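Only one structure is covered here, and it is reproduced in the block below.
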Amino acid sequence: MVLPARNTTLDDAPGLPSEQLGPKEPKPGLLLIFSVDSPRCDVLPLEDGEIELGRCEVAGVHLNDQRMSRRHARVRWTGGAWRVEDLDSRNGTWLDGVPLMGARAGADFRIVRTGWSVFLLLADVEPFRAGVSRTGGTILGATLARTWDAIDRAARLGATLHVAGESGTGKEHAARAFHALGPRRDGPFVPVNCAAIPAGLAERLLFGARKGAYSGAAADAEGYVQAARGGVLFLDEVAELDLGVQAKLLRTLEAKEVLPLGASRPVQVDFALVSATHKDLRAQVAAGKLRDDLFFRIARPSVRMPRLRERPEDVPWLVDAALRHAAAGARAEASAPPRAHASLIEACLLRAWPGNIRELTAEIRAAAQEAHLAGSSVVHDHHLSPSAGQLAFPGTPAVVSGSATGTAAKDAARAPRPAAEERPSRRAASWPAEEEIEAALRREQGNVTRAARALGMHRNQLRRWLARRAAGGDEEAEG
């Protein structure tokens, strides 16, 4: 078992203090988020705009990756752009999922992989010095911690909160945090999915009913509102409620009393409300699906749950948690959970994940099963489904098939063309398919010589193919 690295905390703390994330002078650098087989959160600031990566101590961080060369790669930040150079390393450097040949420069690069280690390129590493924490089963990196700070303030100072965010971002986790951080933590937490309540049943399920109020009502029945007395009621997809039910909910919030179906007198109730939706509430009001008076009552304060692609520092931790859960649900003979390979982490970072954490968790579990069937205790990128995290939804950035990102593709289009003697000849028509070449490079971890041998090509041919893809000038070592 590899112990958490320096600056990495999994302490089940109730939250991350906002002082740790206060504004500071931006400091460009790298964030080590994965090494060998473990999630990390180690800041490597650039000194004088440059840093050299290798198997040694770098910026106070021990890089004990045996797949890294002693002098592996150099990273520079100049004029708002990155320049990443492979220093003739033995096992190569990958930049945004593309094998690096020589050096490349650009403003939009995000991910560097060297050996079994994965780094993020960040214009400011200061907010990430606080590391990663876990609270109530939620992994909090610097991005999500800011949201948790806002939830903490809302829980301590008020009785309502609206949580917006895409499907799968963890809105219920936010509601549970509101409950745990506020004065009603000892009361019940009652989650309700409004979209799943059958038509015609919402009123009696929410507000309860008296005996005889309807056919079959043989006894008094309390609703979700009464069940949340002294605690927190969480209404997910609140805009799905019928307009008449919305009016009654507003009355309940304003008067702090509920009138059960069939009752003649209201019942006093005291509860906090967290509402949530993946839709724009203002748009729902404009469409006539949400009462404007209810909107004004529940829309503030509000927080937005960040998309998974906005939380790259958390991805290795989420992958690790999914693999552990997959092992816990597997057969008893599995002695240890499967381990993630750096290529899997890189592949996850390069995908849009429109389904966010929910989709990532399901796909990682499926990848773990693929690895198990293949007899591997290490889950690689090729165990991940090609379609995982890449469904094209409106508003979702497109992700290029294979390992390259849209950024890498745009950069490739801008890159200089190979010299005349390097340009592909008509023999290129007989080369293997692009997908086959990419698969071979992934299997061989970017080693050109071994990939070329597996493809039945000369290594110079493969280098020319990579040059044609605008990867740069000189590639990894051949040993």
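Every chain in the structure tokens takes a letter, A first, then B, and so on in the order presented; its residues are numbered from 1, and the ligands are numbered from 1 following the presented order.
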
Inset, instruction - Write down as a list in words the residues belonging to range 190-333 of chain A that are assigned strand (DSSP E or B) by DSSP computed on the backbone. - result: Val190, Pro191, Val192, Asn193, Ala209, Ala221, Val232, Leu233, Phe234, Leu235, Asp236, Glu257, Val258, Leu261, Val267, Gln268, Ala272, Leu273, Val274, Ser275, Ala276, Thr277, Ser302, Val303 and Arg304 of chain A

How would the residues just chosen look if you wrote them out with C-alpha atoms as a PDB file, in the first residue's frame?
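Contents of again38.pdb, as written:
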ATOM      1  CA  VAL A 190     -34.844  13.393   3.420  1.00  0.00           C
ATOM      2  CA  PRO A 191     -33.944  13.142  -0.298  1.00  0.00           C
ATOM      3  CA  VAL A 192     -36.769  13.318  -2.841  1.00  0.00           C
ATOM      4  CA  ASN A 193     -36.441  12.930  -6.612  1.00  0.00           C
ATOM      5  CA  ALA A 209     -52.685  12.855   4.134  1.00  0.00           C
ATOM      6  CA  ALA A 221     -49.681   9.303   6.665  1.00  0.00           C
ATOM      7  CA  VAL A 232     -33.106  18.989   5.740  1.00  0.00           C
ATOM      8  CA  LEU A 233     -35.458  18.256   2.840  1.00  0.00           C
ATOM      9  CA  PHE A 234     -33.681  17.768  -0.494  1.00  0.00           C
ATOM     10  CA  LEU A 235     -35.865  18.260  -3.569  1.00  0.00           C
ATOM     11  CA  ASP A 236     -33.953  17.128  -6.625  1.00  0.00           C
ATOM     12  CA  GLU A 257     -46.640  25.036   8.222  1.00  0.00           C
ATOM     13  CA  VAL A 258     -48.077  22.265   6.097  1.00  0.00           C
ATOM     14  CA  LEU A 261     -54.408  16.301   2.272  1.00  0.00           C
ATOM     15  CA  VAL A 267     -49.281  21.513  11.113  1.00  0.00           C
ATOM     16  CA  GLN A 268     -46.209  23.508  12.135  1.00  0.00           C
ATOM     17  CA  ALA A 272     -34.251  23.530   5.825  1.00  0.00           C
ATOM     18  CA  LEU A 273     -34.677  23.123   2.084  1.00  0.00           C
ATOM     19  CA  VAL A 274     -32.084  22.251  -0.533  1.00  0.00           C
ATOM     20  CA  SER A 275     -33.389  22.286  -4.097  1.00  0.00           C
ATOM     21  CA  ALA A 276     -31.516  21.155  -7.165  1.00  0.00           C
ATOM     22  CA  THR A 277     -31.845  20.967 -10.918  1.00  0.00           C
ATOM     23  CA  SER A 302     -27.077  29.059  -4.872  1.00  0.00           C
ATOM     24  CA  VAL A 303     -23.970  27.092  -5.805  1.00  0.00           C
ATOM     25  CA  ARG A 304     -22.992  25.436  -9.063  1.00  0.00           C
TER      26      ARG A 304
END

Inset, instruction - Name the closest residue to Val132 in chain A among the candidates A:Ala159, A:Cys194, A:Val98, A:Ile33; distances are taken between atoms, counting only C-alpha atoms. - result: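 Checking each candidate against Val132 in chain A, we get A:Ile33 as the closest.
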
Quick one: residues within 9 Å of Gly170 in chain A, only C-alpha atoms counted, chain neighbours fewer than 5 positions away excluded, as a PDB file with all heavy atoms, in the first residue's frame?
ATOM      1  N   THR A 138     -16.973  12.426  -0.251  1.00  0.00           N
ATOM      2  CA  THR A 138     -16.738  13.324  -1.379  1.00  0.00           C
ATOM      3  C   THR A 138     -15.267  13.733  -1.409  1.00  0.00           C
ATOM      4  O   THR A 138     -14.711  14.123  -0.387  1.00  0.00           O
ATOM      5  CB  THR A 138     -17.614  14.586  -1.268  1.00  0.00           C
ATOM      6  OG1 THR A 138     -18.991  14.199  -1.264  1.00  0.00           O
ATOM      7  CG2 THR A 138     -17.364  15.527  -2.439  1.00  0.00           C
ATOM      8  N   GLY A 165     -26.250  22.257 -11.556  1.00  0.00           N
ATOM      9  CA  GLY A 165     -25.143  21.469 -12.079  1.00  0.00           C
ATOM     10  C   GLY A 165     -25.629  20.401 -13.028  1.00  0.00           C
ATOM     11  O   GLY A 165     -26.793  19.978 -12.983  1.00  0.00           O
ATOM     12  N   ALA A 175     -26.012  18.527  -1.178  1.00  0.00           N
ATOM     13  CA  ALA A 175     -27.129  18.656  -0.231  1.00  0.00           C
ATOM     14  C   ALA A 175     -26.798  17.986   1.098  1.00  0.00           C
ATOM     15  O   ALA A 175     -27.124  18.507   2.179  1.00  0.00           O
ATOM     16  CB  ALA A 175     -28.393  18.043  -0.839  1.00  0.00           C
ATOM     17  N   MET A 305     -22.348  23.114  -9.045  1.00  0.00           N
ATOM     18  CA  MET A 305     -21.396  22.011  -8.955  1.00  0.00           C
ATOM     19  C   MET A 305     -20.538  21.988 -10.211  1.00  0.00           C
ATOM     20  O   MET A 305     -21.070  21.944 -11.338  1.00  0.00           O
ATOM     21  CB  MET A 305     -22.135  20.685  -8.802  1.00  0.00           C
ATOM     22  CG  MET A 305     -22.851  20.544  -7.473  1.00  0.00           C
ATOM     23  SD  MET A 305     -21.704  20.534  -6.078  1.00  0.00           S
ATOM     24  CE  MET A 305     -20.929  18.937  -6.313  1.00  0.00           C
ATOM     25  N   ASN A 356     -20.283  13.102 -16.289  1.00  0.00           N
ATOM     26  CA  ASN A 356     -19.532  13.497 -15.096  1.00  0.00           C
ATOM     27  C   ASN A 356     -19.153  12.300 -14.225  1.00  0.00           C
ATOM     28  O   ASN A 356     -18.805  11.250 -14.751  1.00  0.00           O
ATOM     29  CB  ASN A 356     -20.314  14.573 -14.347  1.00  0.00           C
ATOM     30  CG  ASN A 356     -20.416  15.852 -15.148  1.00  0.00           C
ATOM     31  OD1 ASN A 356     -19.441  16.552 -15.347  1.00  0.00           O
ATOM     32  ND2 ASN A 356     -21.606  16.155 -15.670  1.00  0.00           N
ATOM     33  N   ILE A 357     -19.213  12.465 -12.891  1.00  0.00           N
ATOM     34  CA  ILE A 357     -18.691  11.431 -11.995  1.00  0.00           C
ATOM     35  C   ILE A 357     -19.468  10.127 -12.152  1.00  0.00           C
ATOM     36  O   ILE A 357     -18.882   9.035 -12.092  1.00  0.00           O
ATOM     37  CB  ILE A 357     -18.744  11.915 -10.538  1.00  0.00           C
ATOM     38  CG1 ILE A 357     -17.890  13.160 -10.377  1.00  0.00           C
ATOM     39  CG2 ILE A 357     -18.269  10.827  -9.579  1.00  0.00           C
ATOM     40  CD1 ILE A 357     -18.028  13.829  -9.025  1.00  0.00           C
ATOM     41  N   ARG A 358     -20.759  10.224 -12.363  1.00  0.00           N
ATOM     42  CA  ARG A 358     -21.562   9.012 -12.513  1.00  0.00           C
ATOM     43  C   ARG A 358     -21.068   8.179 -13.696  1.00  0.00           C
ATOM     44  O   ARG A 358     -20.912   6.953 -13.597  1.00  0.00           O
ATOM     45  CB  ARG A 358     -23.036   9.376 -12.692  1.00  0.00           C
ATOM     46  CG  ARG A 358     -23.961   8.173 -12.762  1.00  0.00           C
ATOM     47  CD  ARG A 358     -25.412   8.584 -12.957  1.00  0.00           C
ATOM     48  NE  ARG A 358     -25.921   9.318 -11.802  1.00  0.00           N
ATOM     49  CZ  ARG A 358     -26.359  10.560 -11.851  1.00  0.00           C
ATOM     50  NH1 ARG A 358     -26.334  11.231 -12.999  1.00  0.00           N
ATOM     51  NH2 ARG A 358     -26.828  11.141 -10.772  1.00  0.00           N
TER      52      ARG A 358
END

Legend entry - Atom-to-atom span, CA of Gly187 in chain A and CA of Gly137 in chain A, Å: 19.5 Å

Inset, instruction - Using only C-alpha atoms, pick whichever of A:Leu241, A:Glu313, A:Ile298, A:Leu253 has the shortest atom-to-atom distance to Ala130 in chain A. - result: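 Counting only C-alpha atoms, the residue closest to Ala130 in chain A is A:Glu313.
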
Legend entry - Between CA of Val379 in chain A and CA of Ala321 in chain A - distance in Å to one decimal: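 So the answer is 13.4 Å.
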
Legend entry - Within 9 Å of range 72-85 of chain A using only C-alpha atoms, minus same-chain residues under 5 positions, as JSON, numbers by chain: {"A": [28, 29, 30, 46, 48, 49, 50, 51, 52, 53, 54, 55, 90, 91, 92, 93, 95, 100, 101, 102, 103, 104, 105, 106, 107, 108, 109, 112, 114, 121, 123]}

Legend entry - DSSP-assigned alpha helix (DSSP H) members of range 233-390 of chain A, reported as a PyMOL selection string: chain A and resi 243-255+281-286+292-298+315-328+342-349+356-373

Inset, instruction - Can you work out which one of A:Arg153, A:Lys27, A:His341, A:Arg307 has the shortest atom-to-atom distance to Val118 in chain A, counting only C-alpha atoms? - result: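 Comparing A:Arg153, A:Lys27, A:His341, A:Arg307 against Val118 in chain A, the winner is A:His341.
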
Legend entry - Interatomic distance (Å, one decimal) between CA of Ala202 in chain A and CA of Gly262 in chain A: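 Taking CA of Ala202 in chain A as the start and CA of Gly262 in chain A as the end point, the length is 14.5 Å.
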
Legend entry - Pick from A:Arg309, A:Lys211, A:Arg185, A:Arg40, whichever lies nearest to Phe119 in chain A using only C-alpha atoms: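 Closest to Phe119 in chain A of all the choices is A:Arg40.
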
Legend entry - Surrounding residues of Asp42 in chain A excluding itself and chain neighbours under 6 positions, 12 Å, only C-alpha atoms, as a PyMOL selection string: chain A and resi 4-9+29-35+58-63+117-120+125-132+141+313

Restricting it to N, CA and C atoms, dump the selection as a CSV table (one decimal), in the first residue's frame.
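out11.csv written:
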chain,number,residue,atom,x,y,z
A,4,PRO,N,-0.2,8.1,1.2
A,4,PRO,CA,-0.5,9.4,0.5
A,4,PRO,C,0.8,10.2,0.5
A,5,ALA,N,1.0,10.9,-0.6
A,5,ALA,CA,2.2,11.7,-0.8
A,5,ALA,C,2.1,13.0,0.1
A,6,ARG,N,3.2,13.7,0.2
A,6,ARG,CA,3.2,14.9,0.9
A,6,ARG,C,2.2,15.9,0.3
A,7,ASN,N,1.6,16.7,1.2
A,7,ASN,CA,0.6,17.6,0.7
A,7,ASN,C,-0.7,17.0,0.3
A,8,THR,N,-0.9,15.7,0.6
A,8,THR,CA,-2.1,15.0,0.3
A,8,THR,C,-2.8,14.6,1.5
A,9,THR,N,-4.0,15.0,1.8
A,9,THR,CA,-4.7,14.7,3.0
A,9,THR,C,-6.1,14.1,2.7
A,29,GLY,N,3.3,26.5,-12.9
A,29,GLY,CA,4.0,25.3,-12.5
A,29,GLY,C,3.3,24.0,-12.9
A,30,LEU,N,3.7,22.9,-12.3
A,30,LEU,CA,3.1,21.6,-12.6
A,30,LEU,C,2.5,21.1,-11.3
A,31,LEU,N,1.4,20.3,-11.5
A,31,LEU,CA,0.8,19.6,-10.4
A,31,LEU,C,0.9,18.1,-10.7
A,32,LEU,N,1.7,17.4,-9.8
A,32,LEU,CA,1.8,16.0,-10.0
A,32,LEU,C,0.5,15.4,-9.4
A,33,ILE,N,-0.3,14.7,-10.2
A,33,ILE,CA,-1.6,14.2,-9.8
A,33,ILE,C,-1.6,12.7,-9.7
A,34,PHE,N,-0.6,12.0,-10.3
A,34,PHE,CA,-0.5,10.6,-10.3
A,34,PHE,C,0.9,10.1,-10.5
A,35,SER,N,1.3,9.1,-9.7
A,35,SER,CA,2.7,8.6,-9.9
A,35,SER,C,2.7,7.1,-9.6
A,58,VAL,N,12.5,17.0,-7.2
A,58,VAL,CA,12.3,18.1,-8.1
A,58,VAL,C,11.3,19.1,-7.3
A,59,ALA,N,11.8,20.3,-7.0
A,59,ALA,CA,11.0,21.3,-6.3
A,59,ALA,C,10.5,20.7,-5.0
A,60,GLY,N,11.4,19.9,-4.3
A,60,GLY,CA,11.0,19.4,-3.0
A,60,GLY,C,10.1,18.2,-3.1
A,61,VAL,N,9.8,17.7,-4.3
A,61,VAL,CA,8.9,16.5,-4.4
A,61,VAL,C,9.8,15.3,-5.0
A,62,HIS,N,9.7,14.2,-4.3
A,62,HIS,CA,10.5,13.0,-4.7
A,62,HIS,C,9.7,12.3,-5.9
A,63,LEU,N,10.4,12.2,-7.0
A,63,LEU,CA,9.8,11.5,-8.2
A,63,LEU,C,10.5,10.2,-8.3
A,117,SER,N,4.0,8.7,-14.5
A,117,SER,CA,3.6,9.9,-13.8
A,117,SER,C,2.8,10.8,-14.7
A,118,VAL,N,1.8,11.5,-14.1
A,118,VAL,CA,1.0,12.4,-14.9
A,118,VAL,C,1.0,13.8,-14.2
A,119,PHE,N,1.2,14.8,-14.9
A,119,PHE,CA,1.3,16.2,-14.4
A,119,PHE,C,0.2,17.0,-15.1
A,120,LEU,N,-0.3,18.0,-14.4
A,120,LEU,CA,-1.1,19.1,-15.0
A,120,LEU,C,-0.3,20.3,-15.2
A,125,VAL,N,-0.3,27.5,-9.6
A,125,VAL,CA,-0.4,26.3,-8.8
A,125,VAL,C,-0.7,26.6,-7.3
A,126,GLU,N,-0.8,27.9,-7.0
A,126,GLU,CA,-0.9,28.2,-5.6
A,126,GLU,C,-2.2,27.7,-4.9
A,127,PRO,N,-3.4,27.7,-5.6
A,127,PRO,CA,-4.6,27.2,-5.0
A,127,PRO,C,-4.6,25.7,-4.7
A,128,PHE,N,-3.6,25.0,-5.3
A,128,PHE,CA,-3.6,23.6,-5.1
A,128,PHE,C,-2.6,23.1,-4.0
A,129,ARG,N,-2.0,24.0,-3.3
A,129,ARG,CA,-1.1,23.7,-2.2
A,129,ARG,C,-1.8,23.0,-1.1
A,130,ALA,N,-3.1,23.3,-0.9
A,130,ALA,CA,-3.9,22.7,0.2
A,130,ALA,C,-4.1,21.2,0.0
A,131,GLY,N,-3.8,20.6,-1.2
A,131,GLY,CA,-3.9,19.2,-1.4
A,131,GLY,C,-5.3,18.8,-1.6
A,132,VAL,N,-5.6,17.5,-1.3
A,132,VAL,CA,-6.9,16.9,-1.5
A,132,VAL,C,-7.4,16.4,-0.2
A,141,GLY,N,-10.8,18.4,-4.1
A,141,GLY,CA,-9.6,19.1,-4.6
A,141,GLY,C,-9.9,20.6,-4.5
A,313,GLU,N,-7.8,17.8,-11.1
A,313,GLU,CA,-7.0,17.3,-10.0
A,313,GLU,C,-7.6,16.2,-9.2
